[in-house]
>>> print(open('upload.txt').read())   # compact mmCIF, C-alpha atoms
# COMPACT_ATOMS: atom_id res chain seq x y z
CA MET A 1269 -21.86 20.98 -37.17
CA PRO A 1270 -22.12 17.27 -36.32
CA THR A 1271 -19.74 14.91 -38.06
CA GLU A 1272 -21.35 12.89 -40.81
CA PHE A 1273 -21.73 9.19 -40.00
CA ASN A 1274 -19.27 7.12 -42.04
CA PRO A 1275 -19.99 3.35 -41.95
CA ARG A 1276 -16.76 2.56 -43.75
CA ARG A 1277 -14.70 4.45 -41.18
CA LEU A 1278 -16.54 2.67 -38.36
CA ALA A 1279 -15.86 -0.71 -39.97
CA GLN A 1280 -12.15 0.13 -40.27
CA ILE A 1281 -11.98 1.06 -36.57
CA ALA A 1282 -13.82 -2.11 -35.59
CA LEU A 1283 -11.46 -4.20 -37.70
CA VAL A 1284 -8.40 -2.63 -36.06
CA VAL A 1285 -9.86 -3.14 -32.58
CA LEU A 1286 -10.67 -6.77 -33.34
CA LEU A 1287 -7.16 -7.29 -34.70
CA ILE A 1288 -5.60 -5.81 -31.55
CA VAL A 1289 -7.84 -7.92 -29.30
CA GLY A 1290 -7.00 -11.02 -31.32
CA CYS A 1291 -3.26 -10.38 -31.08
CA ILE A 1292 -3.51 -9.82 -27.32
CA ALA A 1293 -5.53 -13.04 -26.90
CA VAL A 1294 -2.90 -15.03 -28.81
CA VAL A 1295 0.08 -13.57 -26.95
CA LEU A 1296 -1.51 -13.40 -23.47
CA PRO A 1297 -0.66 -16.98 -22.37
CA PHE A 1298 2.99 -16.31 -23.19
CA VAL A 1299 3.33 -12.73 -22.00
CA GLY A 1300 5.47 -13.69 -18.99
CA ALA A 1301 7.88 -15.71 -21.11
CA LEU A 1302 8.04 -12.94 -23.72
CA LEU A 1303 8.78 -10.28 -21.12
CA PHE A 1304 11.46 -12.40 -19.50
CA ALA A 1305 13.02 -13.13 -22.89
CA PHE A 1306 13.25 -9.36 -23.46
CA VAL A 1307 14.82 -8.94 -20.01
CA ILE A 1308 17.47 -11.57 -20.78
CA TRP A 1309 18.07 -10.04 -24.21
CA ILE A 1310 18.54 -6.57 -22.71
CA CYS A 1311 20.92 -7.83 -20.03
CA SER A 1312 23.15 -9.87 -22.36
CA TRP A 1313 22.91 -7.92 -25.63
CA ASN A 1314 26.14 -5.95 -25.19
CA VAL A 1315 28.10 -9.11 -24.39
CA TYR A 1316 26.64 -10.82 -27.43
CA ARG A 1317 27.15 -7.91 -29.83
CA ASN A 1318 30.56 -6.67 -28.63
CA ARG A 1319 32.31 -9.89 -27.61
CA LEU A 1320 30.71 -13.00 -29.06
CA LEU A 1321 29.51 -11.85 -32.50
CA PRO A 1322 32.86 -10.35 -33.65
CA ARG A 1323 34.62 -13.63 -32.81
CA LEU A 1324 32.14 -15.47 -35.03
CA GLY A 1325 32.64 -13.21 -38.02
CA GLY A 1326 29.23 -11.61 -37.62
CA ARG A 1327 27.30 -14.85 -38.18
CA ARG A 1328 24.17 -13.99 -36.26
CA SER A 1329 22.41 -17.36 -36.41
CA LEU A 1330 25.46 -19.13 -35.03
CA GLY A 1331 25.94 -16.44 -32.40
CA ALA A 1332 22.30 -16.64 -31.33
CA SER A 1333 22.56 -20.43 -31.08
CA LEU A 1334 25.66 -20.21 -28.88
CA MET A 1335 23.98 -17.64 -26.63
CA VAL A 1336 20.97 -19.90 -26.24
CA LEU A 1337 23.29 -22.80 -25.40
CA ILE A 1338 25.06 -20.74 -22.74
CA LEU A 1339 21.77 -19.54 -21.30
CA THR A 1340 20.52 -23.14 -21.26
CA LEU A 1341 23.39 -24.13 -18.99
CA ILE A 1342 22.79 -21.10 -16.77
CA LEU A 1343 18.98 -21.16 -16.57
CA ILE A 1344 17.65 -24.62 -17.39
CA LEU A 1345 20.24 -26.89 -15.76
CA PRO A 1346 19.71 -25.55 -12.20
CA THR A 1347 15.93 -25.62 -12.71
CA PHE A 1348 16.08 -29.23 -13.92
CA ILE A 1349 18.21 -30.31 -10.96
CA LEU A 1350 15.86 -28.58 -8.52
CA ALA A 1351 12.75 -30.12 -10.10
CA SER A 1352 14.30 -33.58 -10.06
CA SER A 1353 15.36 -33.21 -6.43
CA LEU A 1354 11.90 -32.09 -5.34
CA ALA A 1355 10.22 -34.92 -7.23
CA SER A 1356 12.52 -37.52 -5.65
CA GLY A 1357 12.00 -35.82 -2.29
CA ALA A 1358 8.30 -36.63 -2.52
CA ASP A 1359 9.13 -40.34 -2.65
CA GLY A 1360 11.45 -39.94 0.33
CA VAL A 1361 8.71 -38.25 2.37
CA ILE A 1362 6.25 -41.04 1.60
CA ALA A 1363 8.82 -43.73 2.41
CA PHE A 1364 9.64 -42.03 5.72
CA ILE A 1365 5.98 -41.87 6.78
CA LYS A 1366 5.24 -45.44 5.67
CA ALA A 1367 8.26 -46.72 7.60
CA HIS A 1368 6.82 -45.31 10.82
CA ILE A 1369 3.42 -46.76 9.99
CA ASP A 1370 5.04 -50.21 9.84
CA THR A 1371 7.43 -49.93 12.79
CA GLY A 1372 5.83 -47.28 15.01
CA LEU A 1373 7.57 -44.45 16.83
CA PRO A 1374 10.34 -44.80 19.39
CA THR A 1375 9.08 -44.43 22.96
CA THR A 1376 10.88 -41.09 23.39
CA PRO A 1377 11.39 -38.25 20.88
CA PRO A 1378 14.86 -37.12 19.77
CA ALA A 1379 16.60 -35.13 22.50
CA TRP A 1380 16.87 -32.02 20.34
CA LEU A 1381 13.13 -32.04 19.67
CA ALA A 1382 12.16 -32.54 23.30
CA GLY A 1383 14.66 -29.87 24.33
CA LEU A 1384 13.12 -27.08 22.23
CA PRO A 1385 12.25 -24.09 24.38
CA LEU A 1386 8.57 -23.42 25.19
CA VAL A 1387 7.20 -26.32 23.12
CA GLY A 1388 9.61 -29.13 24.02
CA ASP A 1389 7.56 -30.50 26.94
CA ASP A 1390 4.35 -30.50 24.92
CA ILE A 1391 6.07 -32.28 22.05
CA ASP A 1392 7.46 -34.88 24.47
CA ARG A 1393 4.00 -35.61 25.95
CA PHE A 1394 2.34 -35.78 22.54
CA TRP A 1395 5.10 -38.04 21.21
CA GLN A 1396 4.75 -40.51 24.09
CA GLN A 1397 0.98 -40.49 23.71
CA MET A 1398 1.20 -41.30 19.99
CA ALA A 1399 3.92 -43.92 20.54
CA GLY A 1400 1.66 -45.72 23.04
CA ASP A 1401 -1.41 -45.69 20.77
CA ARG A 1402 -0.52 -47.45 17.54
CA GLU A 1403 -3.92 -46.96 15.89
CA ALA A 1404 -3.94 -43.21 16.55
CA LEU A 1405 -0.37 -42.97 15.25
CA ASN A 1406 -1.17 -44.81 12.02
CA ALA A 1407 -4.27 -42.69 11.45
CA ALA A 1408 -2.29 -39.48 11.96
CA LEU A 1409 0.54 -40.60 9.68
CA ARG A 1410 -1.87 -41.67 6.94
CA GLN A 1411 -3.47 -38.22 7.11
CA LEU A 1412 -0.03 -36.70 6.57
CA ILE A 1413 0.80 -38.72 3.47
CA VAL A 1414 -1.48 -36.88 1.04
CA PRO A 1415 -0.71 -33.27 2.13
CA ALA A 1416 3.02 -33.98 2.52
CA ARG A 1417 3.27 -35.53 -0.90
CA GLY A 1418 1.06 -32.82 -2.38
CA LEU A 1419 3.27 -30.07 -0.93
CA VAL A 1420 6.48 -31.54 -2.29
CA LEU A 1421 4.95 -32.36 -5.66
CA ALA A 1422 3.44 -28.88 -5.89
CA ALA A 1423 6.90 -27.39 -5.39
CA ALA A 1424 8.28 -29.81 -7.98
CA GLY A 1425 5.43 -28.84 -10.31
CA ILE A 1426 6.34 -25.16 -10.00
CA ALA A 1427 9.94 -25.97 -10.85
CA ALA A 1428 8.86 -28.20 -13.77
CA ASN A 1429 6.56 -25.44 -15.03
CA GLY A 1430 9.51 -23.10 -14.77
CA LEU A 1431 11.52 -25.52 -16.87
CA LEU A 1432 8.93 -25.38 -19.65
CA GLN A 1433 8.75 -21.60 -19.39
CA MET A 1434 12.53 -21.35 -19.64
CA VAL A 1435 12.45 -23.40 -22.85
CA LEU A 1436 9.96 -20.95 -24.35
CA VAL A 1437 12.02 -18.01 -23.10
CA LEU A 1438 15.14 -19.35 -24.80
CA PHE A 1439 13.20 -20.02 -28.01
CA VAL A 1440 12.11 -16.38 -28.14
CA ALA A 1441 15.56 -15.19 -27.06
CA PHE A 1442 17.14 -16.90 -30.08
CA PHE A 1443 15.22 -14.63 -32.48
CA LEU A 1444 15.86 -11.57 -30.30
CA PHE A 1445 19.62 -12.19 -30.51
CA ARG A 1446 19.57 -13.06 -34.20
CA ASP A 1447 17.51 -10.01 -35.19
CA GLY A 1448 18.51 -7.79 -32.28
CA GLU A 1449 19.57 -4.79 -34.33
CA GLY A 1450 16.15 -4.57 -35.94
CA PHE A 1451 14.32 -5.00 -32.64
CA GLY A 1452 16.47 -2.32 -31.02
CA GLN A 1453 15.79 0.18 -33.80
CA ALA A 1454 12.05 -0.58 -33.68
CA LEU A 1455 11.97 0.04 -29.93
CA ALA A 1456 13.87 3.32 -30.33
CA VAL A 1457 11.50 4.55 -33.06
CA ALA A 1458 8.43 3.53 -31.05
CA ALA A 1459 9.73 5.26 -27.91
CA SER A 1460 10.47 8.46 -29.84
CA LYS A 1461 7.04 8.50 -31.49
CA LEU A 1462 5.19 7.85 -28.25
CA GLY A 1463 7.18 10.10 -25.96
CA GLY A 1464 9.50 12.20 -28.05
CA GLU A 1465 12.80 13.03 -26.36
CA LEU A 1466 11.39 11.94 -23.01
CA GLY A 1467 10.44 8.55 -24.43
CA ALA A 1468 13.93 7.97 -25.83
CA GLY A 1469 15.47 8.94 -22.50
CA MET A 1470 13.11 6.64 -20.61
CA LEU A 1471 14.07 3.77 -22.90
CA VAL A 1472 17.73 4.22 -22.04
CA ARG A 1473 16.91 4.55 -18.36
CA SER A 1474 14.76 1.42 -18.52
CA HIS A 1475 17.69 -0.49 -20.00
CA ASP A 1476 19.91 0.58 -17.09
CA ILE A 1477 17.25 -0.32 -14.52
CA VAL A 1478 16.59 -3.77 -15.98
CA LEU A 1479 20.30 -4.53 -16.24
CA SER A 1480 21.20 -3.39 -12.72
CA VAL A 1481 18.25 -5.10 -11.03
CA MET A 1482 18.82 -8.40 -12.82
CA VAL A 1483 22.56 -8.32 -12.19
CA GLY A 1484 21.93 -7.47 -8.55
CA LEU A 1485 19.32 -10.16 -8.00
CA VAL A 1486 20.91 -12.98 -9.99
CA GLY A 1487 24.50 -12.08 -9.11
CA THR A 1488 23.78 -12.04 -5.39
CA ALA A 1489 21.74 -15.23 -5.59
CA ALA A 1490 24.50 -16.97 -7.55
CA ALA A 1491 27.11 -15.93 -5.00
CA GLN A 1492 24.95 -17.13 -2.10
CA GLY A 1493 24.18 -20.40 -3.86
CA ALA A 1494 27.87 -21.04 -4.58
CA VAL A 1495 29.06 -20.41 -1.02
CA ALA A 1496 26.10 -22.43 0.30
CA ILE A 1497 27.20 -25.45 -1.75
CA ILE A 1498 30.72 -25.09 -0.33
CA GLY A 1499 29.39 -24.94 3.24
CA PHE A 1500 27.09 -27.93 2.75
CA LEU A 1501 29.93 -29.98 1.28
CA ILE A 1502 32.23 -29.07 4.16
CA ALA A 1503 29.57 -30.12 6.68
CA GLY A 1504 28.96 -33.37 4.80
CA VAL A 1505 25.30 -32.62 4.11
CA PRO A 1506 23.69 -35.01 1.59
CA GLY A 1507 22.24 -33.40 -1.53
CA ALA A 1508 24.55 -30.39 -1.22
CA MET A 1509 24.22 -29.46 -4.90
CA ALA A 1510 20.42 -29.52 -4.87
CA LEU A 1511 20.36 -27.52 -1.63
CA GLY A 1512 22.75 -25.02 -3.18
CA PHE A 1513 20.50 -24.54 -6.21
CA ALA A 1514 17.53 -24.17 -3.86
CA THR A 1515 19.49 -21.48 -2.00
CA PHE A 1516 20.08 -19.72 -5.34
CA PHE A 1517 16.36 -19.54 -6.08
CA VAL A 1518 15.21 -18.49 -2.60
CA SER A 1519 18.03 -15.92 -2.39
CA ILE A 1520 16.07 -13.76 -4.82
CA MET A 1521 14.01 -12.98 -1.71
CA PRO A 1522 16.44 -10.82 0.29
CA ALA A 1523 17.18 -11.61 3.95
CA VAL A 1524 14.33 -14.11 4.30
CA GLY A 1525 15.17 -16.73 1.67
CA PRO A 1526 18.62 -18.18 2.49
CA PRO A 1527 17.91 -18.88 6.21
CA LEU A 1528 15.09 -21.17 5.13
CA ILE A 1529 17.68 -23.49 3.56
CA TRP A 1530 20.74 -23.23 5.79
CA GLY A 1531 18.52 -23.03 8.88
CA GLY A 1532 16.80 -26.26 7.87
CA VAL A 1533 20.21 -27.87 7.30
CA ALA A 1534 21.35 -26.74 10.76
CA ILE A 1535 18.25 -28.28 12.34
CA TRP A 1536 18.89 -31.53 10.47
CA LEU A 1537 22.51 -31.60 11.64
CA TYR A 1538 21.39 -31.03 15.23
CA GLY A 1539 18.87 -33.84 14.91
CA GLU A 1540 21.68 -36.11 13.73
CA GLY A 1541 23.61 -35.32 16.91
CA GLN A 1542 26.29 -33.29 15.10
CA THR A 1543 26.38 -30.33 17.46
CA GLY A 1544 29.72 -29.04 16.21
CA TRP A 1545 28.62 -29.01 12.58
CA THR A 1546 25.35 -27.40 13.66
CA ILE A 1547 27.24 -24.50 15.22
CA PHE A 1548 29.42 -24.28 12.11
CA MET A 1549 26.38 -24.16 9.82
CA VAL A 1550 24.66 -21.45 11.87
CA LEU A 1551 27.78 -19.27 11.94
CA TYR A 1552 28.52 -19.96 8.26
CA GLY A 1553 24.93 -19.21 7.33
CA VAL A 1554 24.74 -15.95 9.24
CA PHE A 1555 28.14 -14.49 8.39
CA VAL A 1556 28.87 -16.01 4.95
CA ILE A 1557 25.71 -17.10 3.11
CA SER A 1558 23.38 -14.39 4.41
CA GLY A 1559 26.26 -11.95 4.93
CA ILE A 1560 26.91 -11.79 1.18
CA ASP A 1561 23.53 -10.08 0.75
CA ASN A 1562 24.72 -7.11 2.82
CA PHE A 1563 27.59 -6.06 0.57
CA VAL A 1564 27.30 -7.82 -2.81
CA ARG A 1565 23.71 -6.78 -3.60
CA PRO A 1566 24.24 -3.02 -2.95
CA ILE A 1567 27.36 -3.04 -5.15
CA LEU A 1568 25.69 -4.88 -8.03
CA MET A 1569 22.50 -2.80 -7.82
CA ALA A 1570 24.31 0.53 -7.39
CA ARG A 1571 22.99 1.88 -10.70
CA SER A 1572 19.39 0.91 -10.04
CA ALA A 1573 16.56 3.06 -8.73
CA GLY A 1574 17.24 1.95 -5.17
CA LEU A 1575 14.64 -0.81 -5.18
CA SER A 1576 13.70 -1.47 -1.56
CA THR A 1577 13.63 -4.87 0.10
CA LEU A 1578 9.85 -4.59 0.38
CA LEU A 1579 9.41 -4.07 -3.37
CA VAL A 1580 11.79 -6.93 -4.14
CA ALA A 1581 9.80 -9.23 -1.83
CA LEU A 1582 6.48 -8.11 -3.32
CA GLY A 1583 7.92 -8.48 -6.81
CA VAL A 1584 9.05 -12.06 -6.14
CA LEU A 1585 5.79 -13.17 -4.51
CA GLY A 1586 3.51 -11.34 -6.91
CA GLY A 1587 5.60 -12.37 -9.88
CA VAL A 1588 5.30 -16.05 -8.98
CA LEU A 1589 1.53 -15.74 -8.56
CA VAL A 1590 1.07 -13.97 -11.90
CA PHE A 1591 3.79 -15.42 -14.15
CA GLY A 1592 4.74 -18.65 -12.42
CA PHE A 1593 8.35 -19.65 -11.89
CA ILE A 1594 9.91 -16.95 -14.07
CA GLY A 1595 8.06 -14.37 -11.98
CA ILE A 1596 10.82 -14.82 -9.40
CA PHE A 1597 13.04 -12.76 -11.68
CA LEU A 1598 10.46 -10.84 -13.70
CA GLY A 1599 8.41 -9.42 -10.80
CA PRO A 1600 11.17 -7.29 -9.21
CA VAL A 1601 12.21 -5.97 -12.63
CA LEU A 1602 8.68 -4.83 -13.44
CA LEU A 1603 8.30 -3.15 -10.04
CA ALA A 1604 11.66 -1.43 -10.53
CA LEU A 1605 10.47 -0.01 -13.85
CA GLY A 1606 7.19 1.04 -12.24
CA GLN A 1607 9.06 2.77 -9.43
CA MET A 1608 11.23 4.57 -11.98
CA LEU A 1609 8.19 5.86 -13.89
CA PHE A 1610 6.44 6.92 -10.69
CA THR A 1611 9.54 8.76 -9.46
CA ARG A 1612 9.91 10.51 -12.81
CA TRP A 1613 6.26 11.57 -12.70
CA ILE A 1614 6.60 12.92 -9.14
CA ASP A 1615 9.72 14.88 -10.10
CA GLN A 1616 7.95 16.43 -13.10
CA GLU A 1617 4.97 17.42 -10.97
CA ALA A 1618 7.27 19.01 -8.38
CA ALA A 1619 9.16 20.91 -11.07
CA ALA A 1620 5.93 22.22 -12.53
>>> encode(input="upload.txt", output="structure tokens")
Amino acid sequence: MPTEFNPRRLAQIALVVLLIVGCIAVVLPFVGALLFAFVIWICSWNVYRNRLLPRLGGRRSLGASLMVLILTLILILPTFILASSLASGADGVIAFIKAHIDTGLPTTPPAWLAGLPLVGDDIDRFWQQMAGDREALNAALRQLIVPARGLVLAAAGIAANGLLQMVLVLFVAFFLFRDGEGFGQALAVAASKLGGELGAGMLVRSHDIVLSVMVGLVGTAAAQGAVAIIGFLIAGVPGAMALGFATFFVSIMPAVGPPLIWGGVAIWLYGEGQTGWTIFMVLYGVFVISGIDNFVRPILMARSAGLSTLLVALGVLGGVLVFGFIGIFLGPVLLALGQMLFTRWIDQEAAA
């Protein structure tokens, strides 16, 4: 017998659907920041609840404020320094190009540039050709000003956008810390209702995955950034602190990231005629900065789902494209959770 049409029931369903769509539309621009705030909350909740809060006599608002202050020093300060360095670097690039427009190029390229294998001779011929034709040189340099400045400013814009996102993340994190007990109970109830015993178990497993991946990624990156700063200071490289923070951020990308920074520093040292420091930087970069990745990351991520280098790289790149700056950290975490769910599903299918 067909169900009798009930306009009131249909109106109630439509109202609920519209409410859900409206809530999603409101939250959607901030979904990345909200997710990352939850990640930070999950990773630092035990420290906050077991160590900080008891020392404050259980005053949750004060405890949440102190946690936000600590996280500000950890998250926002490096981002601010990196954004400022990239913005000032844009002015340096423009000044460098304009200086050569005014004075022209030397008649011969630097010895290290002309001595590059395979391409050194071509570079030498092109250099001499441009040095002898002032109009062609000026035209080429003027064409470089806009893209060079745009590239540096785009990188600075990403870092500045990350700074704004971090502020929103910390704003949300304050309420998560202050009302954490209630949020935790709500998540546990929701997981049990949606998935029963399996849902509760997956919630616990998700906590372990998020914690281990974040500790592995950030811990390894922090170690590589710290030793990079030490190496840059030893070699007398200008802007060692900014380069160290840059190493921290690119170290989220395993194997590939750090050589972009210390390799560039080594090339700069060689161009300055400091062959000894160049050799030092290459050896220090290979065996110390990049070497940390080989033993620190596996130890810190030992409890994770064995997230592969490929998934970490895809998580970083895809996370940046989708969520912006905070996607550097959020992307690998989401892929780790996805891998966990997929593995659990495969195991259940095999058992059946």
>>> closest_residue(input="upload.txt", among="A:Gln1280, A:Thr1340, A:Gln1607, A:Ser1474", to="A:Phe1306", atoms="all atoms listed in the file")
A:Ser1474
>>> closest_residue(input="upload.txt", among="A:Tyr1552, A:Phe1394, A:Phe1443, A:Phe1304", to="A:Leu1330", atoms="all atoms listed in the file")
A:Phe1443
>>> residues_around(input="upload.txt", residues="A:Leu1334", least_positions_apart="5", cutoff="10 Å", atoms="only C-alpha atoms", output="MDAnalysis selection string")
chainID A and resid 1316 1320:1321 1328:1329 1339:1340 1442
>>> atom_distance(input="upload.txt", atom1="atom CA of A:Val1440", atom2="atom CA of A:Leu1598")
15.6 Å
>>> atom_distance(input="upload.txt", atom1="atom CA of A:Pro1600", atom2="atom CA of A:Val1550")
28.8 Å
>>> atom_distance(input="upload.txt", atom1="atom CA of A:Leu1431", atom2="atom CA of A:Ile1344")
6.2 Å
>>> closest_residue(input="upload.txt", among="A:Leu1589, A:Val1556, A:Ile1498, A:Leu1436", to="A:Leu1303", atoms="all atoms listed in the file")
A:Leu1436
>>> residues_around(input="upload.txt", residues="stretch 1290-1302 of chain A", least_positions_apart="6", cutoff="10 Å", atoms="all atoms listed in the file", output="list in words")
Val1284, Ile1308, Gly1430, Leu1432, Gln1433, Met1434, Val1435, Leu1436, Val1437, Leu1438, Phe1439, Val1440, Ala1441, Gly1587, Val1590, Phe1591, Gly1592, Phe1593, Ile1594, Gly1595, Leu1598 and Gly1599 of chain A
>>> closest_residue(input="upload.txt", among="A:Ala1496, A:Val1472, A:Ala1282, A:Leu1501", to="A:Val1554", atoms="all atoms listed in the file")
A:Ala1496
